[in-house]
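**Student:** Structure: model-v1.cif, mmCIF, C-alpha atoms.
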```
data_data
#
loop_
_atom_site.label_atom_id
_atom_site.label_comp_id
_atom_site.auth_asym_id
_atom_site.auth_seq_id
_atom_site.Cartn_x
_atom_site.Cartn_y
_atom_site.Cartn_z
CA MET P 1 0.00 0.00 0.00
CA GLN P 2 1.58 3.19 -1.09
CA GLN P 3 -0.36 5.52 1.18
CA PRO P 4 -2.36 5.10 4.38
CA HIS P 5 -6.01 4.19 3.91
CA PRO P 6 -7.88 7.51 3.63
CA ARG P 7 -10.31 6.38 6.30
CA PHE P 8 -7.65 6.06 8.97
CA SER P 9 -6.43 9.61 8.86
CA VAL P 10 -8.39 12.74 9.53
CA LEU P 11 -5.43 14.78 8.33
CA SER P 12 -5.84 16.28 4.89
CA GLY P 13 -3.84 14.76 2.04
CA SER P 14 -1.29 17.57 1.96
CA SER P 15 -0.13 16.94 5.49
CA LEU P 16 0.48 13.20 5.17
CA SER P 17 4.24 13.72 5.42
CA SER P 18 3.82 15.28 8.83
CA ALA P 19 1.91 12.23 10.02
CA GLU P 20 5.17 10.57 10.98
CA HIS P 21 5.54 12.80 13.99
CA LEU P 22 2.54 10.98 15.43
CA SER P 23 4.23 7.57 15.41
CA PRO P 24 4.92 6.16 18.87
CA THR P 25 8.62 5.59 18.25
CA ALA P 26 9.26 9.23 17.51
CA SER P 27 8.00 10.52 20.81
CA SER P 28 7.67 7.59 23.14
CA THR P 29 7.57 9.71 26.26
CA ARG P 30 4.38 11.38 25.14
CA PHE P 31 2.54 8.08 24.73
CA SER P 32 3.85 6.09 27.64
CA LEU P 33 1.51 5.54 30.56
CA PRO P 34 2.53 7.03 33.91
CA SER P 35 3.95 4.33 36.16
CA ALA P 36 2.04 3.51 39.32
CA THR P 37 5.13 3.58 41.51
CA SER P 38 5.72 7.30 41.11
CA ILE P 39 2.68 8.16 43.21
CA ASN P 40 3.66 6.54 46.49
CA THR P 41 7.45 6.51 46.61
CA ALA P 42 7.25 8.06 50.06
CA LEU P 43 5.64 4.90 51.45
CA GLY P 44 8.34 2.50 50.26
CA THR P 45 7.53 -0.45 47.98
CA PRO P 46 3.93 -0.16 46.75
CA LYS P 47 1.56 -3.14 46.62
CA PRO P 48 0.86 -4.51 43.14
CA SER P 49 -2.40 -3.22 41.67
CA LEU P 50 -5.30 -5.58 42.40
CA ARG P 51 -7.64 -4.18 39.79
CA PRO P 52 -7.97 -6.44 36.72
CA ASN P 53 -6.85 -5.08 33.38
CA ILE P 54 -9.70 -4.01 31.08
CA TYR P 55 -8.16 -6.04 28.26
CA ASP P 56 -8.49 -9.26 30.26
CA ARG P 57 -12.18 -8.74 30.92
CA ASN P 58 -14.67 -11.08 29.26
CA LEU P 59 -16.07 -9.45 26.10
CA ASN P 60 -19.55 -10.69 26.95
CA LYS P 61 -19.52 -8.99 30.31
CA THR P 62 -20.83 -5.67 29.01
CA ARG P 63 -23.02 -7.21 26.34
CA THR P 64 -26.29 -5.77 27.63
CA SER P 65 -24.99 -2.75 29.49
CA GLU P 66 -26.13 0.73 28.51
CA VAL P 67 -24.48 4.12 28.29
CA SER P 68 -26.17 7.29 29.53
CA ALA P 69 -27.84 8.93 26.54
CA SER P 70 -27.22 12.35 28.04
CA ALA P 71 -23.49 11.66 28.41
CA PHE P 72 -23.31 10.62 24.76
CA ALA P 73 -25.38 13.65 23.70
CA PHE P 74 -22.95 16.06 25.38
CA LEU P 75 -19.95 14.22 23.93
CA PHE P 76 -21.41 14.18 20.42
CA SER P 77 -22.40 17.84 20.69
CA GLU P 78 -18.79 18.69 21.53
CA VAL P 79 -17.57 16.51 18.64
CA VAL P 80 -19.77 18.47 16.23
CA GLN P 81 -18.69 21.84 17.65
CA TYR P 82 -15.00 20.87 17.58
CA THR P 83 -15.28 19.69 13.98
CA GLN P 84 -17.24 22.73 12.89
CA LYS P 85 -14.43 25.07 13.91
CA ARG P 86 -12.00 23.21 11.67
CA VAL P 87 -13.90 22.74 8.43
CA SER P 88 -14.68 24.85 5.42
CA GLY P 89 -18.25 23.80 4.74
CA ILE P 90 -21.13 21.39 5.23
CA ASN P 91 -19.66 18.68 2.98
CA ASP P 92 -16.37 18.72 4.84
CA LEU P 93 -18.18 18.53 8.19
CA GLU P 94 -20.20 15.53 7.01
CA ARG P 95 -17.06 13.87 5.69
CA ARG P 96 -15.28 14.24 9.03
CA LEU P 97 -18.23 12.92 11.01
CA ASN P 98 -18.29 10.02 8.53
CA THR P 99 -14.62 9.30 9.25
CA LEU P 100 -15.22 9.31 13.00
CA GLY P 101 -18.16 6.96 12.53
CA TYR P 102 -15.97 4.71 10.40
CA ARG P 103 -13.57 4.25 13.29
CA ALA P 104 -16.40 3.27 15.60
CA GLY P 105 -17.92 1.03 12.91
CA THR P 106 -14.89 -1.24 12.51
CA ARG P 107 -15.07 -2.02 16.21
CA VAL P 108 -18.85 -2.44 16.17
CA LEU P 109 -18.56 -5.09 13.44
CA GLU P 110 -15.86 -7.08 15.24
CA LEU P 111 -17.61 -7.06 18.58
CA MET P 112 -21.06 -7.75 17.17
CA VAL P 113 -19.94 -10.73 15.07
CA TRP P 114 -17.87 -12.13 17.94
CA ARG P 115 -20.74 -11.87 20.37
CA ALA P 116 -23.21 -13.44 17.94
CA GLU P 117 -21.13 -16.24 16.45
CA SER P 118 -18.33 -17.19 18.83
CA SER P 119 -20.48 -19.48 20.93
CA SER P 120 -21.97 -21.38 17.99
CA LYS P 121 -20.54 -24.62 16.52
CA ALA P 122 -20.63 -23.32 12.94
CA PRO P 123 -20.03 -19.57 12.90
CA LYS P 124 -21.10 -17.98 9.66
CA ARG P 125 -20.53 -14.69 7.90
CA GLU P 126 -22.67 -12.78 5.41
CA ILE P 127 -21.07 -12.84 1.99
CA ARG P 128 -24.03 -11.83 -0.15
CA PHE P 129 -25.17 -8.25 -0.15
CA LEU P 130 -28.87 -8.54 0.73
CA PRO P 131 -28.40 -10.66 3.86
CA ALA P 132 -25.63 -8.25 4.91
CA LEU P 133 -28.03 -5.34 4.45
CA MET P 134 -30.68 -7.10 6.53
CA SER P 135 -28.16 -7.78 9.27
CA ILE P 136 -27.14 -4.11 9.29
CA HIS P 137 -30.78 -3.06 9.52
CA THR P 138 -31.44 -5.24 12.56
CA GLN P 139 -28.26 -6.39 14.29
CA VAL P 140 -26.04 -3.34 13.89
CA TRP P 141 -28.86 -0.96 14.81
CA ARG P 142 -29.74 -3.12 17.80
CA ALA P 143 -26.11 -3.33 18.93
CA VAL P 144 -25.57 0.43 18.63
CA PHE P 145 -28.98 2.01 19.29
CA GLY P 146 -30.95 -0.71 21.06
CA ARG P 147 -33.67 -1.08 18.42
CA PRO P 148 -33.81 -2.09 14.73
CA ALA P 149 -33.96 0.56 12.01
CA ASP P 150 -37.32 1.45 10.52
CA ALA P 151 -37.14 0.55 6.84
CA ILE P 152 -34.97 -0.69 3.98
CA GLU P 153 -35.58 0.52 0.46
CA LYS P 154 -34.07 -0.14 -2.93
CA SER P 155 -33.72 2.74 -5.32
CA VAL P 156 -35.71 2.41 -8.55
CA GLU P 157 -33.50 4.71 -10.59
CA ASN P 158 -30.09 3.21 -9.81
CA GLU P 159 -29.17 -0.45 -9.53
CA ASP P 160 -26.46 0.19 -6.99
CA GLU P 161 -28.35 2.27 -4.43
CA TYR P 162 -30.07 1.07 -1.29
CA MET P 163 -31.47 3.02 1.63
CA ILE P 164 -31.89 2.42 5.35
CA ILE P 165 -34.41 4.71 7.02
CA ASP P 166 -34.50 5.77 10.64
CA ASN P 167 -37.49 7.83 11.75
CA ASP P 168 -35.93 9.16 14.94
CA PRO P 169 -32.13 8.76 15.02
CA PRO P 170 -31.05 8.70 18.69
CA ILE P 171 -27.82 10.63 18.12
CA GLU P 172 -29.74 13.54 16.61
CA ARG P 173 -32.46 13.70 19.21
CA HIS P 174 -31.37 16.97 20.80
CA ILE P 175 -29.76 18.62 17.79
CA SER P 176 -31.56 21.50 16.07
CA VAL P 177 -29.78 22.41 12.86
CA PRO P 178 -30.14 26.15 12.01
CA LYS P 179 -32.16 27.02 8.92
CA ASP P 180 -29.17 28.06 6.84
CA MET P 181 -27.54 24.66 7.20
CA ASN P 182 -30.53 22.45 6.71
CA GLN P 183 -28.85 20.03 4.29
CA LEU P 184 -26.53 18.99 7.10
CA SER P 185 -27.21 15.63 8.63
CA CYS P 186 -25.30 14.77 11.79
CA SER P 187 -26.24 11.16 11.07
CA SER P 188 -23.15 11.19 8.83
CA PHE P 189 -21.64 9.60 11.91
CA THR P 190 -24.07 6.68 11.55
CA ALA P 191 -23.33 6.55 7.83
CA GLY P 192 -19.65 6.09 8.72
CA VAL P 193 -20.55 3.21 11.03
CA VAL P 194 -22.51 1.52 8.20
CA GLU P 195 -19.69 2.12 5.74
CA ALA P 196 -17.16 0.47 8.07
CA VAL P 197 -19.43 -2.53 8.60
CA LEU P 198 -19.85 -2.96 4.82
CA ASP P 199 -16.11 -2.58 4.22
CA GLY P 200 -15.41 -5.14 6.91
CA LEU P 201 -17.78 -7.60 5.27
CA GLY P 202 -16.02 -7.12 1.93
CA LEU P 203 -18.74 -5.01 0.29
CA PRO P 204 -17.18 -1.62 -0.38
CA ALA P 205 -19.65 1.22 -0.77
CA ARG P 206 -20.06 4.94 -0.35
CA VAL P 207 -22.53 5.71 2.42
CA THR P 208 -24.07 9.11 3.10
CA ALA P 209 -26.82 10.40 5.35
CA HIS P 210 -29.65 12.64 4.19
CA HIS P 211 -32.22 14.52 6.20
CA THR P 212 -35.64 13.62 4.80
CA PRO P 213 -38.27 14.94 7.22
CA THR P 214 -41.96 14.15 6.96
CA GLN P 215 -44.94 15.62 8.77
CA GLN P 216 -45.07 12.73 11.18
CA PHE P 217 -41.32 12.33 11.70
CA PRO P 218 -39.50 15.67 11.50
CA SER P 219 -36.08 14.16 12.12
CA ARG P 220 -36.40 11.23 9.70
CA THR P 221 -33.04 10.35 8.17
CA THR P 222 -32.14 8.23 5.14
CA ILE P 223 -28.79 6.42 5.03
CA LEU P 224 -27.97 6.07 1.35
CA ILE P 225 -25.69 3.18 0.36
CA LYS P 226 -24.07 3.38 -3.03
CA LEU P 227 -22.35 0.11 -3.83
CA ASP P 228 -19.02 -0.22 -5.58
CA LYS P 229 -19.05 -1.74 -9.07
CA SER P 230 -17.02 -4.73 -7.86
CA VAL P 231 -19.86 -5.71 -5.50
CA LEU P 232 -22.45 -5.65 -8.27
CA GLU P 233 -20.22 -7.71 -10.55
CA ARG P 234 -19.67 -10.26 -7.81
CA GLU P 235 -23.39 -10.50 -7.09
CA GLU P 236 -24.01 -11.15 -10.80
CA ILE P 237 -21.54 -14.04 -10.79
CA PHE P 238 -23.25 -15.59 -7.79
CA LYS P 239 -26.65 -15.63 -9.46
CA MET T 1 -56.07 30.01 34.95
CA ALA T 2 -53.68 30.93 32.21
CA ILE T 3 -50.01 31.08 31.39
CA PHE T 4 -49.17 34.40 29.80
CA SER T 5 -45.49 34.31 29.05
CA LEU T 6 -42.12 32.62 29.57
CA TRP T 7 -38.76 34.38 29.87
CA VAL T 8 -35.31 32.82 30.14
CA ILE T 9 -32.59 35.10 31.51
CA ASN T 10 -28.91 34.16 31.35
CA LYS T 11 -26.48 34.53 34.24
CA ALA T 12 -25.41 38.01 33.11
CA GLY T 13 -28.96 39.33 33.12
CA GLY T 14 -29.59 39.25 29.38
CA LEU T 15 -32.87 37.94 28.00
CA VAL T 16 -32.21 34.85 25.85
CA TYR T 17 -35.75 33.60 25.28
CA GLN T 18 -39.14 35.26 25.43
CA ARG T 19 -42.45 33.85 24.32
CA ASN T 20 -46.08 34.79 24.82
CA PHE T 21 -48.91 32.29 25.18
CA ALA T 22 -52.35 33.37 26.37
CA ASP T 23 -53.51 36.99 26.00
CA GLY T 24 -53.74 39.11 29.09
CA LEU T 25 -50.54 41.12 29.26
CA ALA T 26 -49.57 44.20 27.31
CA GLN T 27 -47.63 43.53 24.12
CA LEU T 28 -44.20 45.17 24.34
CA THR T 29 -41.38 45.65 21.87
CA SER T 30 -38.39 43.33 22.08
CA ASN T 31 -36.27 46.17 23.40
CA GLU T 32 -38.68 46.73 26.27
CA TYR T 33 -38.54 43.03 27.12
CA LEU T 34 -34.75 43.22 27.24
CA VAL T 35 -34.88 46.20 29.62
CA LEU T 36 -37.45 44.52 31.87
CA ALA T 37 -35.46 41.31 32.03
CA GLY T 38 -32.34 43.20 33.03
CA THR T 39 -34.29 45.08 35.72
CA LEU T 40 -35.73 41.85 37.05
CA HIS T 41 -32.25 40.37 37.21
CA GLY T 42 -31.12 43.33 39.32
CA ILE T 43 -34.13 43.14 41.63
CA HIS T 44 -33.61 39.42 42.09
CA ALA T 45 -30.01 40.04 43.11
CA ILE T 46 -31.11 42.68 45.64
CA THR T 47 -33.76 40.43 47.17
CA SER T 48 -31.21 37.69 47.74
CA ARG T 49 -29.41 40.07 50.12
CA LEU T 50 -32.49 41.23 51.99
CA SER T 51 -33.33 38.02 53.82
CA PRO T 52 -33.27 38.55 57.63
CA ALA T 53 -32.49 34.88 58.27
CA GLY T 54 -29.11 34.34 56.62
CA SER T 55 -28.50 33.50 52.97
CA SER T 56 -31.44 33.16 50.62
CA SER T 57 -31.95 32.51 46.95
CA GLY T 58 -33.81 35.67 46.02
CA ALA T 59 -37.44 36.35 45.14
CA GLN T 60 -39.35 33.31 43.93
CA VAL T 61 -42.86 34.67 43.46
CA ILE T 62 -43.84 38.26 42.75
CA GLU T 63 -47.58 38.89 42.77
CA GLY T 64 -49.45 41.77 41.26
CA GLU T 65 -53.16 42.47 41.00
CA THR T 66 -53.75 40.66 37.73
CA PHE T 67 -50.76 38.39 37.35
CA LYS T 68 -48.11 36.41 39.18
CA MET T 69 -44.44 36.00 38.29
CA THR T 70 -42.71 32.77 39.34
CA ILE T 71 -38.93 32.66 39.16
CA LEU T 72 -36.81 29.50 39.09
CA LEU T 73 -33.14 30.19 39.78
CA THR T 74 -30.89 27.34 38.65
CA ALA T 75 -27.56 26.38 40.17
CA THR T 76 -25.78 27.97 37.21
CA GLY T 77 -27.43 31.38 37.56
CA THR T 78 -29.94 31.01 34.73
CA LYS T 79 -33.43 32.28 35.59
CA PHE T 80 -36.66 30.88 34.22
CA VAL T 81 -39.55 33.31 34.70
CA LEU T 82 -43.16 32.32 34.15
CA LEU T 83 -45.88 34.97 34.08
CA THR T 84 -49.27 33.50 34.88
CA SER T 85 -52.68 34.48 36.14
CA LEU T 86 -53.12 34.56 39.92
CA ALA T 87 -55.14 31.35 39.99
CA GLU T 88 -52.54 29.22 38.17
CA ALA T 89 -51.18 26.66 40.62
CA THR T 90 -48.87 24.67 38.36
CA ALA T 91 -46.21 27.32 37.76
CA ASP T 92 -43.46 25.53 39.73
CA SER T 93 -43.89 22.19 37.99
CA VAL T 94 -44.13 23.86 34.58
CA LEU T 95 -40.88 25.68 35.28
CA GLN T 96 -39.19 22.42 36.28
CA ARG T 97 -40.20 20.85 32.99
CA VAL T 98 -39.09 23.94 31.07
CA TYR T 99 -35.70 23.56 32.78
CA GLU T 100 -35.55 19.92 31.65
CA ALA T 101 -36.45 20.91 28.10
CA TYR T 102 -33.73 23.57 28.24
CA ALA T 103 -31.13 21.04 29.43
CA ASP T 104 -32.08 18.73 26.56
CA ALA T 105 -32.88 20.85 23.54
CA VAL T 106 -30.58 23.81 24.19
CA MET T 107 -27.55 22.58 26.12
CA LYS T 108 -27.10 19.44 24.02
CA ASN T 109 -27.49 21.33 20.77
CA PRO T 110 -24.07 21.87 19.16
CA PHE T 111 -25.41 24.83 17.21
CA HIS T 112 -26.29 26.83 20.31
CA THR T 113 -23.73 29.16 21.87
CA PRO T 114 -24.14 29.27 25.65
CA GLU T 115 -25.53 32.52 27.11
CA MET T 116 -26.65 33.66 23.64
CA PRO T 117 -30.29 34.02 22.45
CA ILE T 118 -31.93 30.64 22.00
CA ARG T 119 -32.74 29.81 18.37
CA SER T 120 -33.34 26.08 18.62
CA GLU T 121 -36.35 24.62 16.89
CA GLY T 122 -36.24 21.64 19.22
CA PHE T 123 -36.71 23.89 22.27
CA ASP T 124 -39.63 25.73 20.64
CA THR T 125 -41.35 22.45 19.83
CA ARG T 126 -40.93 21.12 23.33
CA ILE T 127 -42.22 24.33 24.93
CA THR T 128 -45.24 24.24 22.63
CA SER T 129 -46.04 20.68 23.62
CA LEU T 130 -45.51 21.61 27.28
CA ILE T 131 -47.50 24.85 27.51
CA GLY T 132 -49.46 24.95 24.26
CA THR T 133 -51.73 27.97 24.14
CA GLY T 134 -51.44 28.72 27.82
CA GLN T 135 -55.14 28.10 28.42
CA PRO T 136 -56.08 24.71 29.91
#
```
Have the structure of the file written as structure tokens, please.

**Tutor:**
Amino acid sequence: MQQPHPRFSVLSGSSLSSAEHLSPTASSTRFSLPSATSINTALGTPKPSLRPNIYDRNLNKTRTSEVSASAFAFLFSEVVQYTQKRVSGINDLERRLNTLGYRAGTRVLELMVWRAESSSKAPKREIRFLPALMSIHTQVWRAVFGRPADAIEKSVENEDEYMIIDNDPPIERHISVPKDMNQLSCSSFTAGVVEAVLDGLGLPARVTAHHTPTQQFPSRTTILIKLDKSVLEREEIFK
Amino acid sequence: MAIFSLWVINKAGGLVYQRNFADGLAQLTSNEYLVLAGTLHGIHAITSRLSPAGSSSGAQVIEGETFKMTILLTATGTKFVLLTSLAEATADSVLQRVYEAYADAVMKNPFHTPEMPIRSEGFDTRITSLIGTGQP
């Protein structure tokens, strides 16, 4: 690979050469964890820490646990404000939220598949597109938001476009976009999650979020999935 | 039994939200509302010093002949003022729910700058569903 995957860097293309200053070997002191012994040198030899490491914890332990929606709302609000100060327009803002969602999405896919399949005798993986789309609509939404998405649609104009519809996206519940920015959809974060899940399953696509309000559901959002040509060709061969 | 108007005053004394519901009070210009809110902020500060029994939070209810003003002072210095008719008994609970709506629709909105006038559609919608027309 001649250059880092565009999804793994939020730096713009022109500053890729300066990315090396972020590598751990260049500035190891900045990334090393503080040692526990420095806190209580006055007491002599400290006791070894009895708390178990988070990495040794069973992955199924937090399977059904929940995060405070308010805590996430404040965090996401700060994410949007932070990003907004550093972008040039709505498209750039959506692209950055998409990238952040992508990073979360790779982890969502791994954890979700592990939790669902690791205990079964014959673990399976979706390799065809439509079952993958169905699993995104139910399992990914349930893993991330606690409930399945509201609808799946296939575009009639284009062969390679599919849509997942959410009538009340939880991450946007408290966000009121001002009138002059009303094409912005903060669900670009969710679109990034979906894009990472599709990439992980081997179905590359471009995923975007669009704000499509109706009378009944003013914050209805459509996640538009535009499949890569290679996926369509592969699906044809399978038929 | 009516709710006339809701004001939200920031910690510096500036009016950040003002909305009328039922008829019954004089209609003023936005400038006059700003001046009144600032005056109320000053009076509230004075009343918090007047208590004979140690520290107090400042005036909570101000009653006139035709209306009553209920003030909720939050821990952060924001004031929620509800102007109602004298017979309205639910002012305190309405103000609590307005505070909750504020914490949700305004504070969690990334497009709102703190202490600035509130221009969030989400907050307007929630206040409408909470108070409606002001008449029961």

**Student:** Specify as a compact mmCIF listing (two decimals) with C-alpha atoms, keeping the file's coordinate frame all residues of chain P found within 8 Å of chain T, counting only C-alpha atoms.

**Tutor:**
```txt
# COMPACT_ATOMS: atom_id res chain seq x y z
CA ALA P 73 -25.38 13.65 23.70
CA PHE P 74 -22.95 16.06 25.38
CA SER P 77 -22.40 17.84 20.69
CA GLU P 78 -18.79 18.69 21.53
CA VAL P 80 -19.77 18.47 16.23
CA GLN P 81 -18.69 21.84 17.65
CA HIS P 174 -31.37 16.97 20.80
CA ILE P 175 -29.76 18.62 17.79
CA SER P 176 -31.56 21.50 16.07
CA VAL P 177 -29.78 22.41 12.86
CA PRO P 178 -30.14 26.15 12.01
```

**Student:** From the list P:Phe72, P:His137, P:Val67, P:Arg115, which residue is nearest P:Val197 when using only C-alpha atoms?

**Tutor:**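 Selected residue with least distance to P:Val197: P:His137.
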
**Student:** Could you write out as a PyMOL selection string the residues that the PyMOL selection byres ((chain T and resi 26-41) around 12) matches in the shown file?

**Tutor:** chain T and resi 4-25+42-48+58-62+66-67+69-73+77-81+117

**Student:** Evaluate the PyMOL selection byres ((chain P and resi 127) around 12) on the structure here and hand back the selected residues as a list of chain:residue names.

**Tutor:**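 When the PyMOL selection byres ((chain P and resi 127) around 12) is applied to the shown file, the picked residues are P:Lys124, P:Arg125, P:Glu126, P:Arg128, P:Phe129, P:Leu130, P:Pro131, P:Ala132, P:Leu133, P:Ser135, P:Leu198, P:Asp199, P:Gly200, P:Leu201, P:Gly202, P:Leu203, P:Val231, P:Arg234, P:Glu235, P:Phe238.
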
**Student:** Take the PyMOL selection byres ((chain P and resi 99) around 12), apply it to the structure above, and return the hits as number ranges by chain.

**Tutor:** P: 5-11, 83, 92-98, 100-106, 187-196, 206-208

**Student:** Those same residues - C-alpha atoms - I'd like them written as an mmCIF file, keeping the file's coordinate frame.

**Tutor:**
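As a result, result.cif now contains:
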```
data_model
loop_
_atom_site.group_PDB
_atom_site.id
_atom_site.type_symbol
_atom_site.label_atom_id
_atom_site.label_comp_id
_atom_site.auth_asym_id
_atom_site.auth_seq_id
_atom_site.Cartn_x
_atom_site.Cartn_y
_atom_site.Cartn_z
ATOM 1 C CA HIS P 5 -6.010 4.190 3.910
ATOM 2 C CA PRO P 6 -7.880 7.510 3.630
ATOM 3 C CA ARG P 7 -10.310 6.380 6.300
ATOM 4 C CA PHE P 8 -7.650 6.060 8.970
ATOM 5 C CA SER P 9 -6.430 9.610 8.860
ATOM 6 C CA VAL P 10 -8.390 12.740 9.530
ATOM 7 C CA LEU P 11 -5.430 14.780 8.330
ATOM 8 C CA THR P 83 -15.280 19.690 13.980
ATOM 9 C CA ASP P 92 -16.370 18.720 4.840
ATOM 10 C CA LEU P 93 -18.180 18.530 8.190
ATOM 11 C CA GLU P 94 -20.200 15.530 7.010
ATOM 12 C CA ARG P 95 -17.060 13.870 5.690
ATOM 13 C CA ARG P 96 -15.280 14.240 9.030
ATOM 14 C CA LEU P 97 -18.230 12.920 11.010
ATOM 15 C CA ASN P 98 -18.290 10.020 8.530
ATOM 16 C CA LEU P 100 -15.220 9.310 13.000
ATOM 17 C CA GLY P 101 -18.160 6.960 12.530
ATOM 18 C CA TYR P 102 -15.970 4.710 10.400
ATOM 19 C CA ARG P 103 -13.570 4.250 13.290
ATOM 20 C CA ALA P 104 -16.400 3.270 15.600
ATOM 21 C CA GLY P 105 -17.920 1.030 12.910
ATOM 22 C CA THR P 106 -14.890 -1.240 12.510
ATOM 23 C CA SER P 187 -26.240 11.160 11.070
ATOM 24 C CA SER P 188 -23.150 11.190 8.830
ATOM 25 C CA PHE P 189 -21.640 9.600 11.910
ATOM 26 C CA THR P 190 -24.070 6.680 11.550
ATOM 27 C CA ALA P 191 -23.330 6.550 7.830
ATOM 28 C CA GLY P 192 -19.650 6.090 8.720
ATOM 29 C CA VAL P 193 -20.550 3.210 11.030
ATOM 30 C CA VAL P 194 -22.510 1.520 8.200
ATOM 31 C CA GLU P 195 -19.690 2.120 5.740
ATOM 32 C CA ALA P 196 -17.160 0.470 8.070
ATOM 33 C CA ARG P 206 -20.060 4.940 -0.350
ATOM 34 C CA VAL P 207 -22.530 5.710 2.420
ATOM 35 C CA THR P 208 -24.070 9.110 3.100
#
```

**Student:** Fewer than 6 positions away in the same chain doesn't count, so skip those; otherwise give me all residues within 7 Å of stretch 160-173 of chain P, counting all atoms listed in the file, as a VMD selection string.

**Tutor:** chain P and resid 73 137 149 to 154 186 to 187 217 219 to 227

**Student:** For T:Lys68, list every protein, DNA or RNA residue within 10 Å, evaluated using all atoms listed in the file, and leave out those in the same chain fewer than 3 positions away; present the list as a ChimeraX atom specification.

**Tutor:** /T:3-4,61-65,71,82-88,91

**Student:** Identify, on the basis of only C-alpha atoms, every residue whose closest approach to T:Val94 does not exceed 8 Å; exclude the query and any residue fewer than 4 positions from it along the same chain; express the result as a list of chain:residue names.

**Tutor:**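 The neighbour list is T:Thr90, T:Val98, T:Leu130, T:Ile131.
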
**Student:** Would you list the contacts of P:Gly146 as a PyMOL selection string, taking every protein, DNA or RNA residue within 12 Å and counting only C-alpha atoms, but skipping same-chain residues closer than 2 positions in sequence?

**Tutor:** chain P and resi 63-67+69+137-144+148-149+169-170

**Student:** Pick from P:Asn58, P:Asp180, P:Arg86, P:Asn91: nearest to P:Ala209, with all atoms listed in the file counted?

**Tutor:**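 When distances to P:Ala209 are compared using all atoms listed in the file, the smallest one comes from P:Asn91.
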
**Student:** Between atom CA of P:Met181 and atom CA of P:His211, what distance in Å does the model show, to one decimal?

**Tutor:** 11.2 Å

**Student:** Return as lines of an AutoDock Vina configuration file the box centre and box size in Å, one decimal, for an axis-aligned box around all listed atoms of stretch 181-194 of chain P padded by 8 Å per side.

**Tutor:**
```
center_x = -25.1
center_y = 13.1
center_z = 8.1
size_x = 26.9
size_y = 39.1
size_z = 23.6
```
